[in-house]
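Dumped model-v5.cif below, it's mmCIF, C-alpha atoms:
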data_query
loop_
_atom_site.label_atom_id
_atom_site.label_comp_id
_atom_site.auth_asym_id
_atom_site.auth_seq_id
_atom_site.Cartn_x
_atom_site.Cartn_y
_atom_site.Cartn_z
CA MET A 1 190.92 46.93 2.76
CA SER A 2 193.01 43.92 1.80
CA THR A 3 189.93 42.30 0.30
CA MET A 4 189.41 45.31 -1.92
CA ALA A 5 192.98 45.20 -3.14
CA LEU A 6 192.65 41.52 -3.81
CA ALA A 7 189.46 42.05 -5.76
CA ALA A 8 191.13 44.69 -7.89
CA THR A 9 194.09 42.42 -8.57
CA MET A 10 191.85 39.57 -9.55
CA ILE A 11 189.83 41.63 -11.96
CA LEU A 12 193.00 43.02 -13.46
CA THR A 13 194.55 39.61 -13.96
CA ALA A 14 191.35 38.32 -15.47
CA SER A 15 191.19 41.07 -18.06
CA CYS A 16 194.90 40.75 -18.83
CA LYS A 17 194.44 37.10 -19.55
CA ASP A 18 191.62 37.76 -21.97
CA GLY A 19 193.72 40.31 -23.80
CA ASN A 20 196.58 37.86 -24.20
CA LYS A 21 194.30 35.20 -25.48
CA GLU A 22 193.00 37.36 -28.28
CA GLU A 23 196.44 38.44 -29.30
CA ALA A 24 197.66 34.89 -29.37
CA ALA A 25 194.68 33.68 -31.36
CA ALA A 26 194.95 36.20 -34.17
CA PRO A 27 198.30 35.28 -35.72
CA MET A 28 197.47 31.61 -35.42
CA SER A 29 194.37 31.85 -37.55
CA ASN A 30 196.39 33.80 -40.11
CA GLU A 31 198.91 31.04 -40.23
CA MET A 32 196.23 28.42 -40.72
CA HIS A 33 194.74 30.39 -43.54
CA GLN A 34 198.14 30.71 -45.15
CA GLU A 35 198.73 27.02 -44.83
CA SER A 36 195.50 26.00 -46.49
CA MET A 37 196.21 28.39 -49.37
CA ASP A 38 199.66 26.92 -49.80
CA ASP A 39 198.16 23.47 -49.85
CA LYS A 40 196.05 24.43 -52.78
CA ASP A 41 199.09 25.47 -54.82
CA ASP A 42 201.22 22.52 -53.84
CA MET A 43 198.72 19.79 -54.56
CA PRO A 44 199.87 17.85 -57.60
CA MET A 45 196.38 16.66 -58.44
CA SER A 46 194.35 18.43 -61.06
CA ASP A 47 191.18 18.28 -59.00
CA ASN A 48 191.56 20.14 -55.74
CA GLN A 49 188.37 18.59 -54.40
CA ASP A 50 189.71 15.07 -54.49
CA ALA A 51 192.88 16.23 -52.75
CA LYS A 52 190.88 17.15 -49.68
CA ALA A 53 189.10 13.81 -49.66
CA GLU A 54 192.48 12.07 -50.04
CA ALA A 55 193.80 14.02 -47.04
CA ILE A 56 190.87 12.75 -44.99
CA LEU A 57 191.56 9.20 -46.13
CA ASN A 58 195.23 9.46 -45.23
CA ASP A 59 194.41 10.68 -41.74
CA TYR A 60 191.86 7.90 -41.39
CA PHE A 61 194.43 5.24 -42.30
CA ASN A 62 197.00 6.68 -39.89
CA LEU A 63 194.38 6.60 -37.17
CA LYS A 64 193.49 3.04 -38.05
CA ASP A 65 197.16 2.01 -37.74
CA ALA A 66 197.39 3.62 -34.30
CA LEU A 67 194.39 1.56 -33.19
CA VAL A 68 195.91 -1.59 -34.69
CA ASN A 69 198.98 -0.86 -32.54
CA ASP A 70 196.86 -0.29 -29.41
CA ASP A 71 198.33 3.21 -29.21
CA ASN A 72 195.80 5.34 -27.34
CA GLY A 73 197.93 8.50 -27.26
CA LYS A 74 198.79 8.43 -30.94
CA ALA A 75 195.15 7.74 -31.82
CA LYS A 76 194.12 10.82 -29.83
CA GLU A 77 196.53 12.97 -31.76
CA LEU A 78 195.46 11.51 -35.09
CA GLY A 79 191.78 11.83 -34.22
CA ASN A 80 192.30 15.57 -33.83
CA THR A 81 194.29 15.72 -37.07
CA LEU A 82 191.47 13.95 -38.88
CA ALA A 83 188.88 16.32 -37.37
CA LYS A 84 190.84 19.24 -38.83
CA SER A 85 190.99 17.67 -42.29
CA LEU A 86 187.28 16.94 -42.15
CA LYS A 87 186.52 20.55 -41.28
CA ALA A 88 188.66 21.70 -44.22
CA PHE A 89 186.61 19.62 -46.64
CA ASP A 90 184.71 21.63 -49.19
CA ALA A 91 181.80 20.02 -51.03
CA SER A 92 180.99 22.89 -53.36
CA ASN A 93 182.07 21.05 -56.52
CA TYR A 94 179.48 18.34 -56.05
CA SER A 95 175.82 18.18 -57.06
CA ASP A 96 173.17 19.46 -54.62
CA ASN A 97 172.20 15.98 -53.54
CA GLU A 98 175.78 14.92 -53.02
CA GLN A 99 176.53 18.12 -51.16
CA SER A 100 173.84 17.56 -48.57
CA GLU A 101 174.87 13.93 -48.18
CA LEU A 102 178.53 14.92 -47.82
CA LYS A 103 177.78 17.69 -45.36
CA ASP A 104 175.90 15.20 -43.23
CA ILE A 105 178.69 12.60 -43.45
CA ILE A 106 181.40 15.13 -42.62
CA GLU A 107 179.49 16.53 -39.64
CA ASP A 108 178.97 13.10 -38.18
CA ALA A 109 182.54 12.00 -38.88
CA THR A 110 183.96 15.18 -37.33
CA GLU A 111 182.11 14.50 -34.11
CA HIS A 112 183.47 10.97 -33.95
CA ALA A 113 187.01 12.10 -34.79
CA GLU A 114 186.84 14.72 -32.03
CA HIS A 115 185.73 12.12 -29.54
CA ILE A 116 188.57 9.86 -30.56
CA GLY A 117 190.81 12.84 -29.77
CA GLU A 118 189.83 12.70 -26.10
CA SER A 119 188.83 9.13 -25.22
CA ASP A 120 190.31 5.93 -23.87
CA ILE A 121 191.00 3.21 -26.41
CA LYS A 122 187.75 1.33 -25.83
CA HIS A 123 185.74 4.42 -26.69
CA GLN A 124 188.04 5.26 -29.55
CA ARG A 125 187.22 1.93 -31.13
CA GLU A 126 183.48 2.43 -30.64
CA HIS A 127 183.70 5.75 -32.43
CA PHE A 128 185.99 4.32 -35.09
CA LYS A 129 183.24 1.91 -36.09
CA ILE A 130 180.84 4.69 -37.09
CA LEU A 131 183.66 6.78 -38.44
CA SER A 132 184.52 3.91 -40.77
CA LYS A 133 180.96 3.84 -42.05
CA ASP A 134 181.08 7.60 -42.63
CA VAL A 135 184.38 7.47 -44.47
CA THR A 136 183.17 4.53 -46.60
CA ASP A 137 180.07 6.51 -47.57
CA MET A 138 182.23 9.53 -48.33
CA VAL A 139 184.47 7.54 -50.67
CA ALA A 140 181.39 6.24 -52.47
CA ILE A 141 180.71 9.84 -53.48
CA THR A 142 184.16 11.39 -53.82
CA GLY A 143 185.99 8.35 -55.22
CA THR A 144 189.71 7.86 -54.63
CA ASP A 145 192.95 7.14 -56.47
CA LYS A 146 193.86 4.45 -53.99
CA LYS A 147 193.01 0.80 -54.08
CA LEU A 148 191.04 0.08 -50.91
CA TYR A 149 189.95 -3.03 -49.11
CA GLU A 150 186.83 -3.06 -47.02
CA GLN A 151 187.48 -5.55 -44.24
CA PHE A 152 185.03 -7.08 -41.83
CA CYS A 153 185.33 -8.54 -38.35
CA PRO A 154 182.25 -10.59 -37.38
CA MET A 155 183.17 -10.55 -33.68
CA TYR A 156 183.32 -6.86 -32.83
CA ASP A 157 179.96 -5.39 -31.81
CA GLY A 158 177.82 -7.73 -33.90
CA GLY A 159 180.00 -7.40 -36.98
CA THR A 160 182.00 -4.33 -37.94
CA ALA A 161 183.75 -3.10 -41.09
CA TRP A 162 186.69 -0.78 -41.76
CA LEU A 163 188.84 0.34 -44.67
CA SER A 164 192.47 -0.50 -45.36
CA THR A 165 194.97 0.13 -48.14
CA LYS A 166 196.45 -3.34 -47.67
CA GLU A 167 194.86 -6.67 -48.41
CA GLU A 168 196.21 -8.43 -45.30
CA VAL A 169 193.98 -8.03 -42.26
CA ARG A 170 195.20 -6.01 -39.26
CA ASN A 171 192.28 -5.52 -36.93
CA PRO A 172 191.91 -1.99 -35.47
CA TYR A 173 189.12 -3.05 -33.08
CA TYR A 174 191.12 -5.68 -31.22
CA GLY A 175 194.72 -4.75 -31.94
CA SER A 176 197.27 -7.23 -30.59
CA GLN A 177 194.49 -9.15 -28.87
CA MET A 178 193.20 -10.53 -32.18
CA LEU A 179 195.29 -8.91 -34.82
CA LYS A 180 194.24 -11.03 -37.75
CA CYS A 181 190.55 -11.44 -37.02
CA GLY A 182 188.52 -10.55 -40.10
CA LYS A 183 188.38 -10.86 -43.85
CA VAL A 184 188.27 -8.73 -46.96
CA GLN A 185 184.63 -8.31 -47.91
CA ARG A 186 184.93 -5.86 -50.78
CA GLU A 187 187.56 -4.23 -52.97
CA ILE A 188 187.21 -0.60 -53.96
CA ASN A 189 188.89 0.37 -57.29
CA MET B 1 199.13 30.41 12.42
CA LYS B 2 199.28 33.92 11.05
CA VAL B 3 199.83 32.56 7.55
CA LEU B 4 196.76 30.37 7.86
CA LYS B 5 194.71 33.35 8.87
CA ILE B 6 195.86 35.34 5.87
CA ILE B 7 195.11 32.48 3.53
CA ALA B 8 191.65 32.12 5.04
CA TRP B 9 190.97 35.82 4.49
CA ILE B 10 192.19 35.68 0.91
CA ALA B 11 190.03 32.65 0.20
CA LEU B 12 187.03 34.35 1.72
CA GLY B 13 187.72 37.51 -0.25
CA ALA B 14 188.00 35.59 -3.49
CA LEU B 15 184.77 33.76 -2.74
CA VAL B 16 182.96 37.05 -2.27
CA VAL B 17 184.40 38.54 -5.44
CA ILE B 18 183.46 35.64 -7.70
CA GLN B 19 179.82 35.96 -6.63
CA PHE B 20 179.67 39.05 -8.85
CA PHE B 21 180.71 37.21 -12.00
CA PRO B 22 177.61 36.61 -14.10
CA THR B 23 176.73 33.30 -15.77
CA ASP B 24 174.45 32.45 -18.69
CA LYS B 25 171.26 30.73 -17.66
CA ASN B 26 169.96 27.89 -19.77
CA GLU B 27 166.23 28.60 -19.65
CA SER B 28 163.48 28.48 -22.23
CA TYR B 29 159.76 28.27 -21.66
CA THR B 30 158.68 26.87 -25.00
CA THR B 31 159.35 23.45 -26.44
CA PRO B 32 160.31 23.57 -30.12
CA GLU B 33 158.62 21.32 -32.68
CA THR B 34 161.92 19.55 -33.20
CA ASP B 35 161.91 18.16 -29.64
CA PHE B 36 162.68 14.46 -29.22
CA VAL B 37 159.55 13.77 -27.16
CA LEU B 38 157.24 15.55 -29.62
CA VAL B 39 158.77 14.15 -32.80
CA ASN B 40 158.85 10.56 -31.60
CA LYS B 41 155.60 10.72 -29.61
CA VAL B 42 157.46 9.27 -26.65
CA PRO B 43 155.24 7.34 -24.20
CA SER B 44 154.73 9.25 -20.96
CA GLU B 45 156.67 6.96 -18.61
CA ILE B 46 159.75 7.21 -20.84
CA GLU B 47 159.19 10.94 -21.20
CA ASN B 48 159.20 11.35 -17.42
CA GLN B 49 162.46 9.45 -17.16
CA LEU B 50 164.11 11.59 -19.82
CA MET B 51 162.92 14.81 -18.22
CA GLN B 52 164.14 13.75 -14.82
CA SER B 53 167.48 12.24 -15.83
CA CYS B 54 168.57 13.91 -19.08
CA TYR B 55 166.86 17.17 -19.96
CA ASP B 56 168.61 19.39 -17.40
CA CYS B 57 171.85 19.20 -19.39
CA HIS B 58 170.59 17.99 -22.78
CA SER B 59 167.91 20.55 -23.62
CA ASN B 60 167.40 24.31 -23.71
CA ASN B 61 165.75 24.35 -20.33
CA THR B 62 167.41 23.50 -17.03
CA VAL B 63 165.52 23.23 -13.77
CA TYR B 64 168.17 24.86 -11.62
CA PRO B 65 168.95 23.68 -8.10
CA TRP B 66 169.35 26.24 -5.28
CA TYR B 67 173.14 26.09 -5.31
CA SER B 68 173.20 27.25 -8.92
CA LYS B 69 173.00 30.78 -7.53
CA ILE B 70 176.33 30.40 -5.77
CA GLN B 71 179.78 30.54 -7.34
CA PRO B 72 181.78 28.51 -8.20
CA ALA B 73 178.89 26.00 -8.47
CA ALA B 74 177.23 28.15 -11.13
CA TRP B 75 180.34 28.01 -13.33
CA PHE B 76 180.59 24.30 -12.91
CA LEU B 77 176.95 23.87 -13.97
CA GLU B 78 177.22 26.28 -16.87
CA ASP B 79 180.16 24.33 -18.18
CA HIS B 80 178.43 20.98 -17.89
CA ILE B 81 175.26 22.20 -19.55
CA LYS B 82 177.16 23.79 -22.42
CA GLU B 83 179.08 20.60 -23.01
CA GLY B 84 176.00 18.43 -22.60
CA LYS B 85 174.02 20.42 -25.14
CA ALA B 86 176.84 20.39 -27.64
CA GLU B 87 176.89 16.60 -27.51
CA LEU B 88 173.16 16.10 -27.59
CA ASN B 89 170.26 18.52 -27.45
CA PHE B 90 166.92 16.70 -27.23
CA ASN B 91 165.11 19.92 -28.16
CA GLU B 92 166.95 19.95 -31.51
CA TRP B 93 166.35 16.30 -32.29
CA ASP B 94 164.60 16.69 -35.61
CA ASN B 95 167.30 19.02 -36.89
CA TYR B 96 169.73 16.10 -36.83
CA SER B 97 169.92 14.03 -40.02
CA ASP B 98 169.10 10.31 -39.90
CA ARG B 99 172.82 9.53 -39.89
CA ARG B 100 173.41 11.72 -36.88
CA LYS B 101 170.27 10.50 -35.12
CA LYS B 102 171.63 6.99 -35.44
CA SER B 103 174.99 8.11 -34.09
CA LYS B 104 173.36 9.90 -31.17
CA LEU B 105 171.09 6.96 -30.35
CA ARG B 106 174.08 4.66 -30.39
CA SER B 107 175.91 6.88 -27.93
CA ILE B 108 172.80 7.26 -25.76
CA ILE B 109 172.42 3.48 -25.56
CA LYS B 110 176.13 2.85 -24.90
CA GLN B 111 176.39 5.46 -22.20
CA ILE B 112 173.23 4.52 -20.34
CA GLU B 113 174.17 0.84 -20.59
CA SER B 114 177.63 1.43 -19.13
CA GLY B 115 176.29 3.76 -16.43
CA GLU B 116 178.30 6.76 -17.69
CA MET B 117 175.06 8.67 -17.99
CA PRO B 118 173.47 10.23 -16.04
CA LEU B 119 176.73 11.62 -14.65
CA ASP B 120 177.68 10.74 -11.09
CA SER B 121 178.19 14.41 -10.28
CA TYR B 122 174.58 14.99 -11.31
CA THR B 123 172.97 12.05 -9.53
CA LEU B 124 174.90 12.91 -6.36
CA ILE B 125 172.34 15.63 -5.76
CA HIS B 126 169.53 14.60 -8.11
CA ARG B 127 168.88 11.24 -6.50
CA ASP B 128 165.64 10.81 -8.49
CA ALA B 129 167.62 10.95 -11.74
CA ILE B 130 169.17 7.54 -11.06
CA PHE B 131 167.58 4.84 -13.24
CA SER B 132 166.31 1.78 -11.42
CA GLU B 133 167.14 -1.47 -13.25
CA LYS B 134 163.60 -1.59 -14.59
CA GLU B 135 163.61 2.02 -15.77
CA LYS B 136 167.00 1.58 -17.36
CA GLU B 137 165.76 -1.41 -19.31
CA ALA B 138 162.63 0.42 -20.45
CA VAL B 139 164.56 3.47 -21.65
CA LEU B 140 167.19 1.32 -23.37
CA ASN B 141 164.54 -0.78 -25.11
CA TYR B 142 162.81 2.34 -26.31
CA MET B 143 166.04 3.84 -27.68
CA LYS B 144 166.95 0.56 -29.37
CA THR B 145 163.58 0.40 -31.12
CA LEU B 146 164.04 3.95 -32.38
CA LYS B 147 167.49 3.10 -33.66
CA ASP B 148 166.30 -0.08 -35.39
CA ASP B 149 163.57 1.93 -37.11
CA LEU B 150 166.25 4.15 -38.63
CA GLU B 151 168.37 1.28 -39.96
#

Produce structure tokens that represent the structure in this file.
Amino acid sequence: MSTMALAATMILTASCKDGNKEEAAAPMSNEMHQESMDDKDDMPMSDNQDAKAEAILNDYFNLKDALVNDDNGKAKELGNTLAKSLKAFDASNYSDNEQSELKDIIEDATEHAEHIGESDIKHQREHFKILSKDVTDMVAITGTDKKLYEQFCPMYDGGTAWLSTKEEVRNPYYGSQMLKCGKVQREIN
Amino acid sequence: MKVLKIIAWIALGALVVIQFFPTDKNESYTTPETDFVLVNKVPSEIENQLMQSCYDCHSNNTVYPWYSKIQPAAWFLEDHIKEGKAELNFNEWDNYSDRRKKSKLRSIIKQIESGEMPLDSYTLIHRDAIFSEKEKEAVLNYMKTLKDDLE
């Protein structure tokens, strides 16, 4: 008898939970939608497309700084932020060829950003390497208003590059361990 | 003592109830043309290794162990397989672009090298899924060649 009652309670609680979840999810997605529409209006740039690429770049640089500072927790947070910006990217203004290339880049980058959102710092840096390649390839297509420096550290994983807005080298792969390892190998813009 | 007894009954009751919760089975009897082994014409000894150590969670077909019929083990497995397939599905290999193939190969190599994969919770029961040093080297070499070909 008590088993039966327990079973009933369990089933009830389970269905209640599901109901709550749906309710909670609905207004959130509305909010998100609202936000992205607001963004569109607020953006000062004439070309909305570039604005989304710039948002990705900004998130990338914040993430890079967290890795430079050996801040695993912050990098997790920023990895998830970056993943959101990547998902919001819209390639429809580009040519067919560029679109398929961008779609591919964004998919790959999103996966790496999501992993950074849940990994220890060693893994974060491994993913950041490929992410950097993805973002560099993205910028080659979308362009940017910023002046960028492609920097290169010959020691990390057989030689690894990343992007920075500053000329002076702050190494995201080693952080405080070897902060200044690397050199500028290319200037963009 | 009485409290213990009640707790034991509740636990038992819960265990019985959860047996009636259904799970999705990951089973498919055909291998798609996009499969890793087919696309890359993988040599048979590497193929055997992949089937034994990877395909249960990284393809559309799992060879289920007996305890998969019992909850909560079934939930645990379902979760792992879902996650595993989202990360890497060997059956879908050729649907990945070259960029993503490279990314996946990199992760495959890193995780086998470091011993993260196959998962300890998997090899605990599937003892034959553990790579010997020789097998590990062979699989890693094969993956590295594939990756270099994509560069």

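Comparing A:Ser164, A:Ser92, A:Gln151, A:Asn97 by their smallest distance to Phe61 of chain A, the closest is A:Ser164 (using all atoms listed in the file).
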
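From atom CA of Tyr142 of chain B back to atom CA of His115 of chain A, the distance works out to 25.1 Å.
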
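The residues of chain B lying at most 8 Å from chain A, with all atoms listed in the file taken into account, are Trp9, Ile10, Gly13, Ala14, Val17, Ser97, Arg99, Arg100 and Ser103 of chain B.
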
Residues around (165.3, 18.6, -21.3), cut-off 10 Å, counting only C-alpha atoms - what are they as a short mmCIF file (atom, residue, chain, number, x, y, z; two decimals) with C-alpha atoms, in the frame of the given file?
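The resulting selection.cif:
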data_model
loop_
_atom_site.label_atom_id
_atom_site.label_comp_id
_atom_site.auth_asym_id
_atom_site.auth_seq_id
_atom_site.Cartn_x
_atom_site.Cartn_y
_atom_site.Cartn_z
CA THR B 31 159.35 23.45 -26.44
CA ASP B 35 161.91 18.16 -29.64
CA PHE B 36 162.68 14.46 -29.22
CA VAL B 37 159.55 13.77 -27.16
CA GLU B 47 159.19 10.94 -21.20
CA LEU B 50 164.11 11.59 -19.82
CA MET B 51 162.92 14.81 -18.22
CA GLN B 52 164.14 13.75 -14.82
CA SER B 53 167.48 12.24 -15.83
CA CYS B 54 168.57 13.91 -19.08
CA TYR B 55 166.86 17.17 -19.96
CA ASP B 56 168.61 19.39 -17.40
CA CYS B 57 171.85 19.20 -19.39
CA HIS B 58 170.59 17.99 -22.78
CA SER B 59 167.91 20.55 -23.62
CA ASN B 60 167.40 24.31 -23.71
CA ASN B 61 165.75 24.35 -20.33
CA THR B 62 167.41 23.50 -17.03
CA VAL B 63 165.52 23.23 -13.77
CA LYS B 85 174.02 20.42 -25.14
CA ASN B 89 170.26 18.52 -27.45
CA PHE B 90 166.92 16.70 -27.23
CA ASN B 91 165.11 19.92 -28.16
#

- With distances taken over all atoms listed in the file, which of A:Glu77, A:Asp90, A:Asp50, A:Asp145 is nearest to Gly117 of chain A? A:Glu77

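Between atom CA of Thr160 of chain A and atom CA of Gly73 of chain A the separation is 23.1 Å.
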
- Pairwise distance for atom CA of Lys147 of chain A and atom CA of Glu187 of chain A, rounded to one decimal in Å: 7.5 Å

Specify the axis-aligned box that encloses all atoms of segment 117-123 of chain A listed in the file after padding of 5 Å on each side, stating its centre and edge lengths in Å to one decimal as AutoDock Vina command-line options.
--center_x 188.4 --center_y 7.1 --center_z -26.8 --size_x 15.3 --size_y 21.5 --size_z 15.9

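Remark: for Lys64 of chain A, the closest of the candidate residues A:Ile141, A:Leu82, A:Met155, A:Leu102 is A:Leu82 (distances computed over all atoms listed in the file).
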
Would you pick out the contacts of Gly79 of chain A at 9 Å or less, using only C-alpha atoms, so that residues sharing its chain but fewer than 5 positions from it are not included, and give the list as an mmCIF file with C-alpha atoms, in the frame of the given file?
data_model
loop_
_atom_site.group_PDB
_atom_site.id
_atom_site.type_symbol
_atom_site.label_atom_id
_atom_site.label_comp_id
_atom_site.auth_asym_id
_atom_site.auth_seq_id
_atom_site.Cartn_x
_atom_site.Cartn_y
_atom_site.Cartn_z
ATOM 1 C CA ASP A 59 194.410 10.680 -41.740
ATOM 2 C CA TYR A 60 191.860 7.900 -41.390
ATOM 3 C CA LEU A 63 194.380 6.600 -37.170
ATOM 4 C CA LYS A 74 198.790 8.430 -30.940
ATOM 5 C CA LYS A 84 190.840 19.240 -38.830
ATOM 6 C CA HIS A 112 183.470 10.970 -33.950
ATOM 7 C CA ALA A 113 187.010 12.100 -34.790
ATOM 8 C CA GLU A 114 186.840 14.720 -32.030
ATOM 9 C CA HIS A 115 185.730 12.120 -29.540
ATOM 10 C CA ILE A 116 188.570 9.860 -30.560
ATOM 11 C CA GLY A 117 190.810 12.840 -29.770
ATOM 12 C CA GLU A 118 189.830 12.700 -26.100
ATOM 13 C CA GLN A 124 188.040 5.260 -29.550
#
